[in-house]
>>> print(open('target09.cif').read())   # mmCIF, C-alpha atoms
data_input
loop_
_atom_site.label_atom_id
_atom_site.label_comp_id
_atom_site.auth_asym_id
_atom_site.auth_seq_id
_atom_site.Cartn_x
_atom_site.Cartn_y
_atom_site.Cartn_z
CA MET A 286 89.95 117.47 75.34
CA THR A 287 91.80 114.31 76.27
CA GLU A 288 90.12 110.92 76.18
CA PRO A 289 88.73 110.03 79.62
CA VAL A 290 90.01 106.88 81.29
CA ALA A 291 88.18 104.55 83.63
CA VAL A 292 88.96 104.07 87.31
CA THR A 293 88.28 100.36 87.74
CA GLY A 294 89.84 99.72 91.14
CA LEU A 295 91.16 101.44 94.23
CA GLY A 296 93.06 100.56 97.38
CA LEU A 297 93.70 102.52 100.55
CA VAL A 298 95.74 102.07 103.71
CA THR A 299 95.28 105.10 105.96
CA PRO A 300 94.97 106.20 109.59
CA ALA A 301 91.19 105.72 109.25
CA GLY A 302 91.44 102.08 108.21
CA GLU A 303 93.41 99.22 106.72
CA ASP A 304 91.52 99.17 103.42
CA ALA A 305 89.29 101.32 101.23
CA GLY A 306 86.03 100.36 102.93
CA ALA A 307 87.27 101.12 106.43
CA THR A 308 88.87 104.36 105.27
CA TRP A 309 85.65 105.53 103.62
CA GLU A 310 83.66 104.78 106.78
CA GLY A 311 86.19 106.61 108.91
CA VAL A 312 86.26 109.68 106.68
CA CYS A 313 82.46 109.79 106.64
CA ARG A 314 82.41 109.71 110.46
CA GLY A 315 84.33 112.97 110.35
CA VAL A 316 86.40 112.44 113.50
CA GLY A 317 90.13 113.17 113.52
CA THR A 318 92.47 110.19 113.91
CA ALA A 319 95.45 111.99 115.47
CA SER A 320 96.81 110.76 118.78
CA ARG A 321 99.99 110.78 120.86
CA ASP A 322 102.84 109.06 119.03
CA PRO A 323 105.52 107.31 121.14
CA ALA A 324 108.03 107.75 118.30
CA LEU A 325 107.70 111.53 118.71
CA ALA A 326 107.86 111.61 122.51
CA GLY A 327 109.77 114.59 123.84
CA LEU A 328 109.30 116.72 120.74
CA PRO A 329 107.35 120.00 120.80
CA VAL A 330 104.69 118.31 118.65
CA ASP A 331 104.28 114.72 119.80
CA PHE A 332 101.19 113.50 117.94
CA SER A 333 100.46 112.16 114.47
CA CYS A 334 98.03 110.12 112.39
CA ARG A 335 99.29 106.55 112.05
CA VAL A 336 97.97 103.58 110.07
CA PRO A 337 96.27 101.38 112.72
CA LEU A 338 98.45 98.33 112.04
CA SER A 339 101.79 97.43 113.59
CA ARG A 340 104.76 96.73 111.36
CA ASP A 341 104.44 93.02 112.22
CA ALA A 342 100.79 93.04 111.15
CA LEU A 343 101.67 94.81 107.91
CA ASP A 344 104.46 92.34 107.21
CA ARG A 345 102.17 89.35 107.75
CA ARG A 346 99.80 90.76 105.14
CA VAL A 347 102.57 91.27 102.61
CA GLY A 348 104.18 87.87 103.18
CA ARG A 349 107.68 86.54 102.76
CA THR A 350 109.13 89.53 100.85
CA ALA A 351 108.26 92.08 103.54
CA TRP A 352 111.59 91.65 105.35
CA ARG A 353 113.42 93.61 102.68
CA MET A 354 110.90 96.46 102.36
CA SER A 355 110.67 99.84 104.02
CA ARG A 356 107.40 100.76 105.68
CA ASN A 357 106.35 103.00 102.82
CA ALA A 358 106.95 100.18 100.31
CA VAL A 359 104.86 97.80 102.43
CA LEU A 360 101.98 100.30 102.49
CA ALA A 361 102.22 100.74 98.70
CA VAL A 362 102.19 97.00 98.02
CA LEU A 363 99.11 96.47 100.20
CA ALA A 364 97.20 99.35 98.59
CA ALA A 365 98.17 98.18 95.09
CA ARG A 366 97.08 94.61 95.77
CA GLU A 367 93.70 95.84 96.99
CA ALA A 368 93.28 98.10 93.96
CA VAL A 369 94.07 95.30 91.51
CA ARG A 370 91.69 92.90 93.27
CA ASP A 371 89.02 95.58 93.29
CA ALA A 372 89.47 96.01 89.54
CA GLY A 373 88.86 92.29 89.02
CA LEU A 374 92.31 91.77 87.49
CA ASP A 375 94.61 88.81 88.06
CA PRO A 376 98.35 89.52 87.78
CA ARG A 377 98.91 85.85 87.01
CA ALA A 378 96.86 86.19 83.85
CA TRP A 379 97.66 89.64 82.47
CA ASP A 380 100.36 90.65 80.00
CA GLY A 381 102.79 92.25 82.43
CA GLU A 382 104.60 94.11 79.67
CA ARG A 383 101.45 96.16 79.10
CA VAL A 384 100.97 97.10 82.78
CA ALA A 385 102.47 100.37 84.05
CA VAL A 386 103.22 101.17 87.67
CA VAL A 387 103.40 104.84 88.70
CA ILE A 388 103.82 105.19 92.46
CA GLY A 389 104.83 108.58 93.82
CA CYS A 390 106.56 109.30 97.10
CA GLY A 391 107.43 112.63 98.62
CA MET A 392 110.21 111.79 101.08
CA GLY A 393 111.14 108.12 100.85
CA ALA A 394 111.67 105.80 103.79
CA GLY A 395 112.15 108.16 106.72
CA ALA A 396 112.25 105.72 109.64
CA GLU A 397 114.78 103.44 107.95
CA ARG A 398 117.00 106.38 107.02
CA GLU A 399 117.05 107.72 110.56
CA GLU A 400 117.63 104.27 112.09
CA GLN A 401 120.60 103.54 109.86
CA ALA A 402 122.07 107.01 110.36
CA GLY A 403 121.94 106.33 114.11
CA ARG A 404 123.68 102.98 113.62
CA LEU A 405 126.44 104.62 111.62
CA ARG A 406 126.94 107.30 114.24
CA ASP A 407 126.80 105.02 117.29
CA LEU A 408 128.06 101.63 116.09
CA GLY A 409 130.09 102.25 112.95
CA ALA A 410 129.77 101.38 109.28
CA GLY A 411 129.85 97.64 109.89
CA MET A 412 126.48 97.77 111.62
CA VAL A 413 124.66 99.61 108.83
CA SER A 414 122.19 97.35 107.04
CA ALA A 415 123.04 96.20 103.52
CA LEU A 416 119.41 97.01 102.68
CA THR A 417 119.81 100.69 103.55
CA VAL A 418 120.02 102.10 100.03
CA PRO A 419 117.30 99.97 98.41
CA GLN A 420 115.02 100.76 101.33
CA ILE A 421 115.45 104.52 101.45
CA ILE A 422 115.50 105.49 97.77
CA PRO A 423 112.11 107.01 96.92
CA ASN A 424 111.49 104.93 93.78
CA MET A 425 111.61 101.61 95.61
CA ALA A 426 107.91 101.58 96.50
CA ALA A 427 107.18 101.65 92.76
CA GLY A 428 109.81 98.97 92.23
CA GLU A 429 108.38 96.67 94.90
CA VAL A 430 104.84 97.09 93.52
CA SER A 431 106.09 96.20 90.04
CA ILE A 432 107.86 93.12 91.39
CA ASP A 433 104.86 92.06 93.45
CA LEU A 434 102.44 92.37 90.54
CA GLY A 435 104.73 91.20 87.76
CA ALA A 436 104.19 94.53 85.98
CA ARG A 437 106.92 95.00 83.37
CA GLY A 438 105.62 98.07 81.57
CA PRO A 439 106.66 101.66 82.31
CA GLY A 440 107.67 102.13 85.94
CA LEU A 441 107.84 105.64 87.35
CA ALA A 442 108.09 107.30 90.75
CA PRO A 443 107.03 110.98 90.63
CA ALA A 444 108.26 113.18 93.47
CA THR A 445 106.38 116.49 93.57
CA ALA A 446 106.17 116.75 97.36
CA CYS A 447 102.55 116.78 98.54
CA ALA A 448 101.30 116.63 94.95
CA SER A 449 103.14 113.37 94.22
CA GLY A 450 100.06 111.15 94.34
CA ALA A 451 98.04 113.34 92.01
CA THR A 452 101.04 113.65 89.69
CA ALA A 453 101.29 109.87 89.55
CA VAL A 454 97.62 109.54 88.54
CA ALA A 455 98.01 112.22 85.86
CA VAL A 456 101.16 110.61 84.45
CA ALA A 457 99.46 107.21 84.40
CA ARG A 458 96.53 108.69 82.47
CA ASP A 459 98.96 110.03 79.86
CA LEU A 460 100.63 106.61 79.52
CA LEU A 461 97.26 105.02 78.82
CA VAL A 462 96.10 107.67 76.36
CA SER A 463 99.39 107.50 74.47
CA GLY A 464 99.13 103.72 74.16
CA ARG A 465 102.22 102.99 76.25
CA CYS A 466 100.27 100.56 78.43
CA ASP A 467 96.85 98.94 78.75
CA VAL A 468 96.57 98.99 82.55
CA ALA A 469 98.08 101.54 84.93
CA VAL A 470 98.49 100.99 88.65
CA ALA A 471 98.92 104.51 89.99
CA GLY A 472 99.10 106.26 93.32
CA ALA A 473 101.51 107.13 96.10
CA THR A 474 102.77 106.18 99.52
CA GLU A 475 104.42 107.88 102.47
CA ALA A 476 105.72 106.71 105.83
CA ALA A 477 107.65 109.73 107.06
CA VAL A 478 106.31 110.12 110.59
CA THR A 479 109.73 110.34 112.23
CA PRO A 480 111.42 112.61 114.78
CA LEU A 481 113.50 114.37 112.12
CA THR A 482 110.55 115.01 109.81
CA ALA A 483 108.37 116.21 112.68
CA ALA A 484 111.10 118.48 114.02
CA GLY A 485 111.73 119.92 110.58
CA PHE A 486 108.09 120.73 109.92
CA TRP A 487 107.76 122.14 113.43
CA ARG A 488 110.73 124.44 112.85
CA ALA A 489 109.15 125.52 109.55
CA GLY A 490 106.01 126.49 111.47
CA THR A 491 103.67 124.24 109.49
CA LEU A 492 102.55 121.75 112.18
CA SER A 493 99.59 122.24 114.47
CA ARG A 494 100.68 122.79 118.07
CA ARG A 495 97.41 121.68 119.66
CA THR A 496 99.11 119.13 121.88
CA GLY A 497 96.19 119.21 124.30
CA GLU A 498 93.66 118.05 121.69
CA PRO A 499 95.40 115.99 119.00
CA ALA A 500 92.19 114.54 117.49
CA GLY A 501 90.90 118.05 116.82
CA ALA A 502 94.17 119.60 115.73
CA SER A 503 93.66 119.25 111.98
CA ARG A 504 90.80 121.60 111.11
CA PRO A 505 90.93 122.69 107.47
CA PHE A 506 89.37 126.07 106.66
CA ALA A 507 88.55 126.82 110.32
CA ALA A 508 89.21 130.34 111.56
CA ASP A 509 91.47 129.00 114.32
CA ARG A 510 93.48 126.50 112.26
CA ASP A 511 97.17 126.53 113.13
CA GLY A 512 98.86 123.88 110.99
CA PHE A 513 98.68 120.32 109.74
CA VAL A 514 99.10 116.97 111.48
CA LEU A 515 101.80 114.65 110.16
CA ALA A 516 100.42 111.36 108.81
CA GLU A 517 101.22 108.27 106.79
CA GLY A 518 99.34 106.12 104.30
CA ALA A 519 99.02 104.92 100.73
CA GLY A 520 96.44 105.21 97.99
CA VAL A 521 96.37 103.41 94.63
CA VAL A 522 93.93 103.38 91.72
CA VAL A 523 93.77 101.16 88.65
CA LEU A 524 93.22 103.03 85.39
CA GLU A 525 92.21 101.58 82.03
CA ARG A 526 91.00 102.96 78.73
CA THR A 527 87.23 103.04 78.78
CA GLY A 528 86.96 100.74 75.75
CA ASP A 529 89.25 98.15 77.32
CA ALA A 530 87.29 98.25 80.59
CA ALA A 531 84.01 97.79 78.71
CA ALA A 532 85.42 94.94 76.63
CA ARG A 533 86.27 92.89 79.72
CA GLY A 534 83.03 93.80 81.50
CA ALA A 535 84.78 95.69 84.28
CA ARG A 536 82.91 97.76 86.83
CA VAL A 537 83.86 101.40 86.31
CA ARG A 538 83.90 103.31 89.58
CA ALA A 539 84.41 106.73 87.96
CA LEU A 540 86.03 108.45 85.00
CA LEU A 541 89.22 110.49 85.12
CA VAL A 542 88.30 113.17 82.61
CA GLY A 543 90.96 115.87 83.02
CA CYS A 544 94.29 116.74 84.58
CA GLY A 545 96.09 120.03 85.11
CA SER A 546 99.63 120.61 86.35
CA THR A 547 101.49 123.89 86.91
CA SER A 548 104.28 125.42 88.98
CA ASP A 549 104.08 128.59 91.06
CA ALA A 550 107.72 129.60 90.46
CA HIS A 551 107.31 131.60 93.65
CA HIS A 552 108.85 130.17 96.85
CA PRO A 553 110.23 126.82 98.11
CA THR A 554 107.57 126.35 100.80
CA ALA A 555 105.05 129.21 100.88
CA PRO A 556 102.08 129.13 98.51
CA ALA A 557 101.56 132.08 96.22
CA GLN A 558 98.82 134.02 97.97
CA ASP A 559 97.14 134.97 94.69
CA ALA A 560 97.02 131.20 93.92
CA ARG A 561 97.42 131.93 90.22
CA GLY A 562 99.44 128.76 89.62
CA ALA A 563 96.84 126.64 91.36
CA GLU A 564 94.11 128.44 89.46
CA ALA A 565 95.85 127.64 86.19
CA ALA A 566 96.01 123.97 87.17
CA LEU A 567 92.28 123.93 87.92
CA ARG A 568 91.38 125.70 84.70
CA THR A 569 93.67 123.38 82.72
CA ALA A 570 92.06 120.29 84.24
CA LEU A 571 88.60 121.58 83.34
CA ALA A 572 89.63 122.51 79.80
CA ASP A 573 91.26 119.09 79.41
CA ALA A 574 87.92 117.56 80.36
CA GLY A 575 85.85 119.86 78.17
CA LEU A 576 84.10 121.24 81.24
CA ALA A 577 83.17 124.73 82.39
CA PRO A 578 83.63 125.89 86.00
CA HIS A 579 79.87 125.73 86.63
CA ASP A 580 79.94 122.00 85.82
CA VAL A 581 81.83 121.27 89.05
CA ASP A 582 79.58 119.93 91.80
CA HIS A 583 82.21 119.17 94.42
CA VAL A 584 85.75 120.08 95.45
CA ASN A 585 87.99 117.70 97.34
CA ALA A 586 90.30 120.39 98.68
CA HIS A 587 93.99 120.12 99.49
CA GLY A 588 92.96 121.72 102.79
CA THR A 589 96.01 121.16 104.97
CA SER A 590 94.79 123.29 107.93
CA THR A 591 97.64 125.78 107.55
CA PRO A 592 96.69 129.47 107.77
CA LEU A 593 98.36 130.52 104.50
CA GLY A 594 97.56 127.45 102.44
CA ASP A 595 93.88 127.26 103.28
CA ALA A 596 93.39 130.99 102.73
CA ALA A 597 94.95 130.82 99.27
CA GLU A 598 92.92 127.76 98.32
CA ALA A 599 89.66 129.23 99.61
CA ALA A 600 90.25 132.34 97.53
CA LEU A 601 90.98 130.20 94.50
CA ILE A 602 87.78 128.18 94.87
CA ALA A 603 85.64 131.27 95.41
CA ARG A 604 87.17 132.98 92.39
CA VAL A 605 87.00 130.14 89.86
CA LEU A 606 83.87 128.39 91.19
CA PRO A 607 81.59 131.20 92.38
CA HIS A 608 78.51 128.94 92.25
CA ARG A 609 79.79 127.45 95.54
CA PRO A 610 80.14 123.70 94.97
CA CYS A 611 80.34 121.72 98.20
CA VAL A 612 83.82 121.35 99.66
CA THR A 613 85.44 118.68 101.80
CA ALA A 614 89.00 118.24 103.09
CA PRO A 615 89.94 114.70 104.20
CA LYS A 616 93.06 115.84 106.03
CA GLY A 617 90.81 116.86 108.91
CA VAL A 618 90.32 113.14 109.58
CA LEU A 619 93.45 111.61 108.08
CA GLY A 620 96.11 114.22 108.73
CA HIS A 621 98.56 115.12 106.00
CA SER A 622 100.25 112.07 104.48
CA LEU A 623 102.51 114.28 102.36
CA GLY A 624 103.32 112.55 99.06
CA ALA A 625 100.49 110.03 99.48
CA ALA A 626 97.77 112.61 100.09
CA GLY A 627 96.88 113.34 96.47
CA ALA A 628 96.36 109.67 95.64
CA VAL A 629 94.38 108.99 98.82
CA GLU A 630 92.15 111.97 98.09
CA ALA A 631 91.69 111.04 94.44
CA ALA A 632 90.41 107.64 95.59
CA LEU A 633 88.08 109.29 98.10
CA THR A 634 86.76 111.57 95.37
CA VAL A 635 85.97 108.48 93.30
CA LEU A 636 84.00 107.08 96.23
CA THR A 637 82.12 110.37 96.64
CA LEU A 638 81.06 110.21 92.99
CA GLN A 639 80.07 106.58 93.28
CA HIS A 640 78.13 106.85 96.55
CA GLY A 641 76.64 110.31 96.09
CA THR A 642 77.95 111.21 99.54
CA VAL A 643 80.34 113.99 100.54
CA PRO A 644 82.26 113.39 103.80
CA PRO A 645 82.42 116.21 106.34
CA VAL A 646 85.47 118.25 107.27
CA ALA A 647 86.54 117.13 110.74
CA SER A 648 86.68 119.62 113.62
CA LEU A 649 84.99 122.33 111.55
CA ASP A 650 81.80 124.06 112.68
CA ALA A 651 81.89 126.66 109.91
CA PRO A 652 84.57 127.93 107.51
CA ALA A 653 86.47 131.07 108.38
CA PRO A 654 84.38 134.22 107.86
CA GLY A 655 84.70 135.61 104.38
CA SER A 656 85.96 132.38 102.81
CA GLY A 657 82.88 132.00 100.63
CA LEU A 658 83.07 128.21 100.87
CA ASP A 659 80.22 125.72 101.25
CA CYS A 660 82.11 123.27 103.46
CA VAL A 661 80.38 120.06 104.47
CA THR A 662 80.46 119.91 108.26
CA LYS A 663 79.45 117.60 111.13
CA ARG A 664 77.90 114.81 109.03
CA PRO A 665 78.08 113.45 105.48
CA ARG A 666 75.96 115.20 102.89
CA ARG A 667 73.93 113.20 100.41
CA GLN A 668 74.28 114.88 97.03
CA ASP A 669 74.06 114.02 93.35
CA VAL A 670 77.71 114.66 92.44
CA ARG A 671 78.37 114.31 88.73
CA VAL A 672 81.72 116.13 88.42
CA ALA A 673 84.33 116.69 91.10
CA VAL A 674 87.84 118.10 91.26
CA SER A 675 90.61 117.02 93.61
CA HIS A 676 93.31 119.59 94.46
CA SER A 677 96.91 118.77 95.41
CA PHE A 678 99.60 121.36 96.07
CA GLY A 679 103.18 120.76 97.19
CA PHE A 680 106.38 122.41 98.39
CA GLY A 681 108.32 123.74 95.44
CA GLY A 682 105.13 125.25 94.04
CA HIS A 683 103.74 122.09 92.45
CA ASN A 684 100.02 122.27 91.63
CA VAL A 685 98.01 119.32 90.31
CA VAL A 686 94.25 119.13 89.85
CA LEU A 687 92.37 116.00 88.81
CA ALA A 688 88.86 116.24 87.33
CA LEU A 689 86.68 113.18 87.82
CA ALA A 690 83.18 112.37 86.67
CA ARG A 691 80.55 109.83 87.62
CA ALA A 692 80.60 106.75 85.38
#
>>> encode(input="target09.cif", output="structure tokens")
Amino acid sequence: MTEPVAVTGLGLVTPAGEDAGATWEGVCRGVGTASRDPALAGLPVDFSCRVPLSRDALDRRVGRTAWRMSRNAVLAVLAAREAVRDAGLDPRAWDGERVAVVIGCGMGAGAEREEQAGRLRDLGAGMVSALTVPQIIPNMAAGEVSIDLGARGPGLAPATACASGATAVAVARDLLVSGRCDVAVAGATEAAVTPLTAAGFWRAGTLSRRTGEPAGASRPFAADRDGFVLAEGAGVVVLERTGDAAARGARVRALLVGCGSTSDAHHPTAPAQDARGAEAALRTALADAGLAPHDVDHVNAHGTSTPLGDAAEAALIARVLPHRPCVTAPKGVLGHSLGAAGAVEAALTVLTLQHGTVPPVASLDAPAPGSGLDCVTKRPRRQDVRVAVSHSFGFGGHNVVLALARA
């Protein structure tokens, strides 16, 4: 067993809302946020889930340094600021050398990369922005958060595709337990809703093609699911050792009690259909927490709405957790924010534990026949959730499971 750590703050910027409160309300409503996206006009799949704030509005919230940041860095900074405020911490007063920042990112700054590539092609090298490299490198969101908060401790930027956010939280936990820091600001960001990304996922056959009903296109675990909806967003949590949180009188939202990480070693994009790697991650997280499978009350599923991925995950849940804990899948509402998804969903799992409420899976009347899942549908379910797990799986065969418990 590894020492649990306290989640003392969280911040969210997602297609359901500009902060954690609005996001939680939107997820509990259980209505998909996808809509037509002008940036994807003319493509075979022309809809996405966007954060409901323009770039100008985002920049005004960040302030004078926003001009140099990519969109994904801006989202990360806003989520991190909210998380730190929520934790009751003041960056002006803390010892920055003891504060770690671990912000994952799956793809980096997609819009800026494509814009500058177009400038190079059409206008020549002299018209490429001098900010191109610092904007597009995937670690810069972590760098900008560190600068913004004055955090001078360990700074890391995990990239494990769609498991990046969960990886960041797990790495931050290890930094705290090992004594490398006293506070960890951890999460992930992604702003990769671009024509190239959308075309690439479409060619790979992973996007939903329900162009006639975008808001209902993402339908995790439904029999007629046909792919995910591309999204953006950021999620950040503040982690502290439980003793440190108690000493300063902090409100503890939940406890991070276990983490498990494995690799499928199977295929670059397809999940292993026996889900043995994901199963090992789940079992490792539970063992790390000193928990048995029957202790799990709730599963926040990866649930992308892809036929192969959902089938493998459903089989995994039914096999390891046969007592049928309730299941939700936020991507039905939020779409798939790629590298940010694991952090966003970890934060939502914290809120489920705190509120005793499980949000419904959007656009799902009942799970596919034979899945064996107890999916929450149509409306939130009030439930005494003591222990929950949050699944994150990514291209390359990355599997990360976080086990969280009520404080």
>>> resolve_selection(input="target09.cif", expression="the PyMOL selection byres ((chain A and resi 346) around 12)", output="JSON, numbers by chain")
{"A": [303, 304, 338, 339, 340, 341, 342, 343, 344, 345, 347, 348, 349, 350, 351, 352, 359, 360, 362, 363, 364, 366, 367]}
>>> closest_residue(input="target09.cif", among="A:Leu441, A:Ala572, A:Ala597, A:Leu515", to="Arg494 (chain A)", atoms="all atoms listed in the file")
A:Leu515
>>> closest_residue(input="target09.cif", among="A:Leu374, A:Val605, A:Leu649, A:Leu571", to="Gly534 (chain A)", atoms="all atoms listed in the file")
A:Leu374
>>> residues_around(input="target09.cif", residues="region 664-677 of chain A", least_positions_apart="6", cutoff="8 Å", atoms="all atoms listed in the file", output="PDB file with C-alpha atoms, in the frame of the given file")
ATOM      1  CA  CYS A 313      82.460 109.790 106.640  1.00  0.00           C
ATOM      2  CA  ARG A 314      82.410 109.710 110.460  1.00  0.00           C
ATOM      3  CA  GLY A 315      84.330 112.970 110.350  1.00  0.00           C
ATOM      4  CA  CYS A 447     102.550 116.780  98.540  1.00  0.00           C
ATOM      5  CA  ALA A 448     101.300 116.630  94.950  1.00  0.00           C
ATOM      6  CA  ALA A 451      98.040 113.340  92.010  1.00  0.00           C
ATOM      7  CA  LEU A 567      92.280 123.930  87.920  1.00  0.00           C
ATOM      8  CA  ASP A 580      79.940 122.000  85.820  1.00  0.00           C
ATOM      9  CA  VAL A 581      81.830 121.270  89.050  1.00  0.00           C
ATOM     10  CA  ASP A 582      79.580 119.930  91.800  1.00  0.00           C
ATOM     11  CA  HIS A 583      82.210 119.170  94.420  1.00  0.00           C
ATOM     12  CA  VAL A 584      85.750 120.080  95.450  1.00  0.00           C
ATOM     13  CA  ASN A 585      87.990 117.700  97.340  1.00  0.00           C
ATOM     14  CA  ALA A 586      90.300 120.390  98.680  1.00  0.00           C
ATOM     15  CA  HIS A 587      93.990 120.120  99.490  1.00  0.00           C
ATOM     16  CA  ALA A 626      97.770 112.610 100.090  1.00  0.00           C
ATOM     17  CA  GLY A 627      96.880 113.340  96.470  1.00  0.00           C
ATOM     18  CA  GLU A 630      92.150 111.970  98.090  1.00  0.00           C
ATOM     19  CA  ALA A 631      91.690 111.040  94.440  1.00  0.00           C
ATOM     20  CA  THR A 634      86.760 111.570  95.370  1.00  0.00           C
ATOM     21  CA  THR A 637      82.120 110.370  96.640  1.00  0.00           C
ATOM     22  CA  LEU A 638      81.060 110.210  92.990  1.00  0.00           C
ATOM     23  CA  GLY A 641      76.640 110.310  96.090  1.00  0.00           C
ATOM     24  CA  THR A 642      77.950 111.210  99.540  1.00  0.00           C
ATOM     25  CA  VAL A 643      80.340 113.990 100.540  1.00  0.00           C
ATOM     26  CA  PRO A 644      82.260 113.390 103.800  1.00  0.00           C
ATOM     27  CA  PRO A 645      82.420 116.210 106.340  1.00  0.00           C
ATOM     28  CA  ASN A 684     100.020 122.270  91.630  1.00  0.00           C
ATOM     29  CA  VAL A 685      98.010 119.320  90.310  1.00  0.00           C
ATOM     30  CA  VAL A 686      94.250 119.130  89.850  1.00  0.00           C
ATOM     31  CA  LEU A 687      92.370 116.000  88.810  1.00  0.00           C
ATOM     32  CA  ALA A 688      88.860 116.240  87.330  1.00  0.00           C
ATOM     33  CA  LEU A 689      86.680 113.180  87.820  1.00  0.00           C
ATOM     34  CA  ALA A 690      83.180 112.370  86.670  1.00  0.00           C
ATOM     35  CA  ARG A 691      80.550 109.830  87.620  1.00  0.00           C
TER      36      ARG A 691
END
>>> closest_residue(input="target09.cif", among="A:Gly440, A:Ala361, A:Ala453, A:Glu517", to="Gly395 (chain A)", atoms="only C-alpha atoms")
A:Glu517
>>> closest_residue(input="target09.cif", among="A:Ser355, A:Leu524, A:Glu498, A:Ser493", to="Glu429 (chain A)", atoms="all atoms listed in the file")
A:Ser355
>>> atom_distance(input="target09.cif", atom1="CA of Ala446 (chain A)", atom2="CA of Pro592 (chain A)")
19.0 Å
>>> atom_distance(input="target09.cif", atom1="CA of Val462 (chain A)", atom2="CA of Gly528 (chain A)")
11.5 Å
>>> residues_around(input="target09.cif", residues="Asn424 (chain A)", least_positions_apart="2", cutoff="9 Å", atoms="all atoms listed in the file", output="PyMOL selection string")
chain A and resi 388-390+393+419+421-422+426-429+441-444
>>> resolve_selection(input="target09.cif", expression="the PyMOL selection byres ((chain A and resi 382) around 10)", output="count of residues only")
15
>>> closest_residue(input="target09.cif", among="A:Ala358, A:Cys334, A:Ala647, A:Val661", to="Glu475 (chain A)", atoms="all atoms listed in the file")
A:Ala358
>>> resolve_selection(input="target09.cif", expression="the PyMOL selection byres ((chain A and resi 486) around 12)", output="list in words")
Leu328, Pro329, Val330, Ala477, Val478, Thr479, Pro480, Leu481, Thr482, Ala483, Ala484, Gly485, Trp487, Arg488, Ala489, Gly490, Thr491, Leu492, Ser493, Arg494, Gly512, Phe513, Val514, Leu515, Thr554, Thr591, His621, Leu623 and Phe680 of chain A
>>> atom_distance(input="target09.cif", atom1="CA of Val618 (chain A)", atom2="CA of Ser503 (chain A)")
7.4 Å
>>> closest_residue(input="target09.cif", among="A:Leu434, A:Leu416, A:Ala692, A:Met425", to="Asp375 (chain A)", atoms="all atoms listed in the file")
A:Leu434
>>> residues_near_point(input="target09.cif", point="(118.0, 105.1, 104.5)", cutoff="6 Å", atoms="all atoms listed in the file", output="ChimeraX atom specification")
/A:397-398,417-418,421
>>> residues_near_point(input="target09.cif", point="(86.8, 91.7, 85.4)", cutoff="10 Å", atoms="all atoms listed in the file", output="PyMOL selection string")
chain A and resi 293+370-375+530-536
>>> write_last_selection(input="target09.cif", atoms="C-alpha atoms", output="short mmCIF file (atom, residue, chain, number, x, y, z; two decimals), in the frame of the given file")
data_model
loop_
_atom_site.label_atom_id
_atom_site.label_comp_id
_atom_site.auth_asym_id
_atom_site.auth_seq_id
_atom_site.Cartn_x
_atom_site.Cartn_y
_atom_site.Cartn_z
CA THR A 293 88.28 100.36 87.74
CA ARG A 370 91.69 92.90 93.27
CA ASP A 371 89.02 95.58 93.29
CA ALA A 372 89.47 96.01 89.54
CA GLY A 373 88.86 92.29 89.02
CA LEU A 374 92.31 91.77 87.49
CA ASP A 375 94.61 88.81 88.06
CA ALA A 530 87.29 98.25 80.59
CA ALA A 531 84.01 97.79 78.71
CA ALA A 532 85.42 94.94 76.63
CA ARG A 533 86.27 92.89 79.72
CA GLY A 534 83.03 93.80 81.50
CA ALA A 535 84.78 95.69 84.28
CA ARG A 536 82.91 97.76 86.83
#
>>> build_atoms(input="target09.cif", residues="region 448-454 of chain A", atoms="N, CA, C and O atoms", output="mmCIF file, in the coordinates of the input")
data_model
loop_
_atom_site.group_PDB
_atom_site.id
_atom_site.type_symbol
_atom_site.label_atom_id
_atom_site.label_comp_id
_atom_site.auth_asym_id
_atom_site.auth_seq_id
_atom_site.Cartn_x
_atom_site.Cartn_y
_atom_site.Cartn_z
ATOM 1 N N ALA A 448 102.088 116.880 96.164
ATOM 2 C CA ALA A 448 101.300 116.630 94.950
ATOM 3 C C ALA A 448 101.707 115.334 94.266
ATOM 4 O O ALA A 448 101.202 115.023 93.188
ATOM 5 N N SER A 449 102.600 114.557 94.875
ATOM 6 C CA SER A 449 103.140 113.370 94.220
ATOM 7 C C SER A 449 102.073 112.370 93.801
ATOM 8 O O SER A 449 102.133 111.796 92.706
ATOM 9 N N GLY A 450 101.099 112.121 94.666
ATOM 10 C CA GLY A 450 100.060 111.150 94.340
ATOM 11 C C GLY A 450 99.214 111.569 93.171
ATOM 12 O O GLY A 450 98.896 110.769 92.285
ATOM 13 N N ALA A 451 98.834 112.837 93.133
ATOM 14 C CA ALA A 451 98.040 113.340 92.010
ATOM 15 C C ALA A 451 98.874 113.351 90.736
ATOM 16 O O ALA A 451 98.379 113.045 89.641
ATOM 17 N N THR A 452 100.154 113.702 90.850
ATOM 18 C CA THR A 452 101.040 113.650 89.690
ATOM 19 C C THR A 452 101.104 112.243 89.124
ATOM 20 O O THR A 452 101.056 112.044 87.899
ATOM 21 N N ALA A 453 101.210 111.255 90.001
ATOM 22 C CA ALA A 453 101.290 109.870 89.550
ATOM 23 C C ALA A 453 100.044 109.476 88.767
ATOM 24 O O ALA A 453 100.134 108.808 87.725
ATOM 25 N N VAL A 454 98.868 109.876 89.243
ATOM 26 C CA VAL A 454 97.620 109.540 88.540
ATOM 27 C C VAL A 454 97.578 110.233 87.184
ATOM 28 O O VAL A 454 97.192 109.629 86.169
#
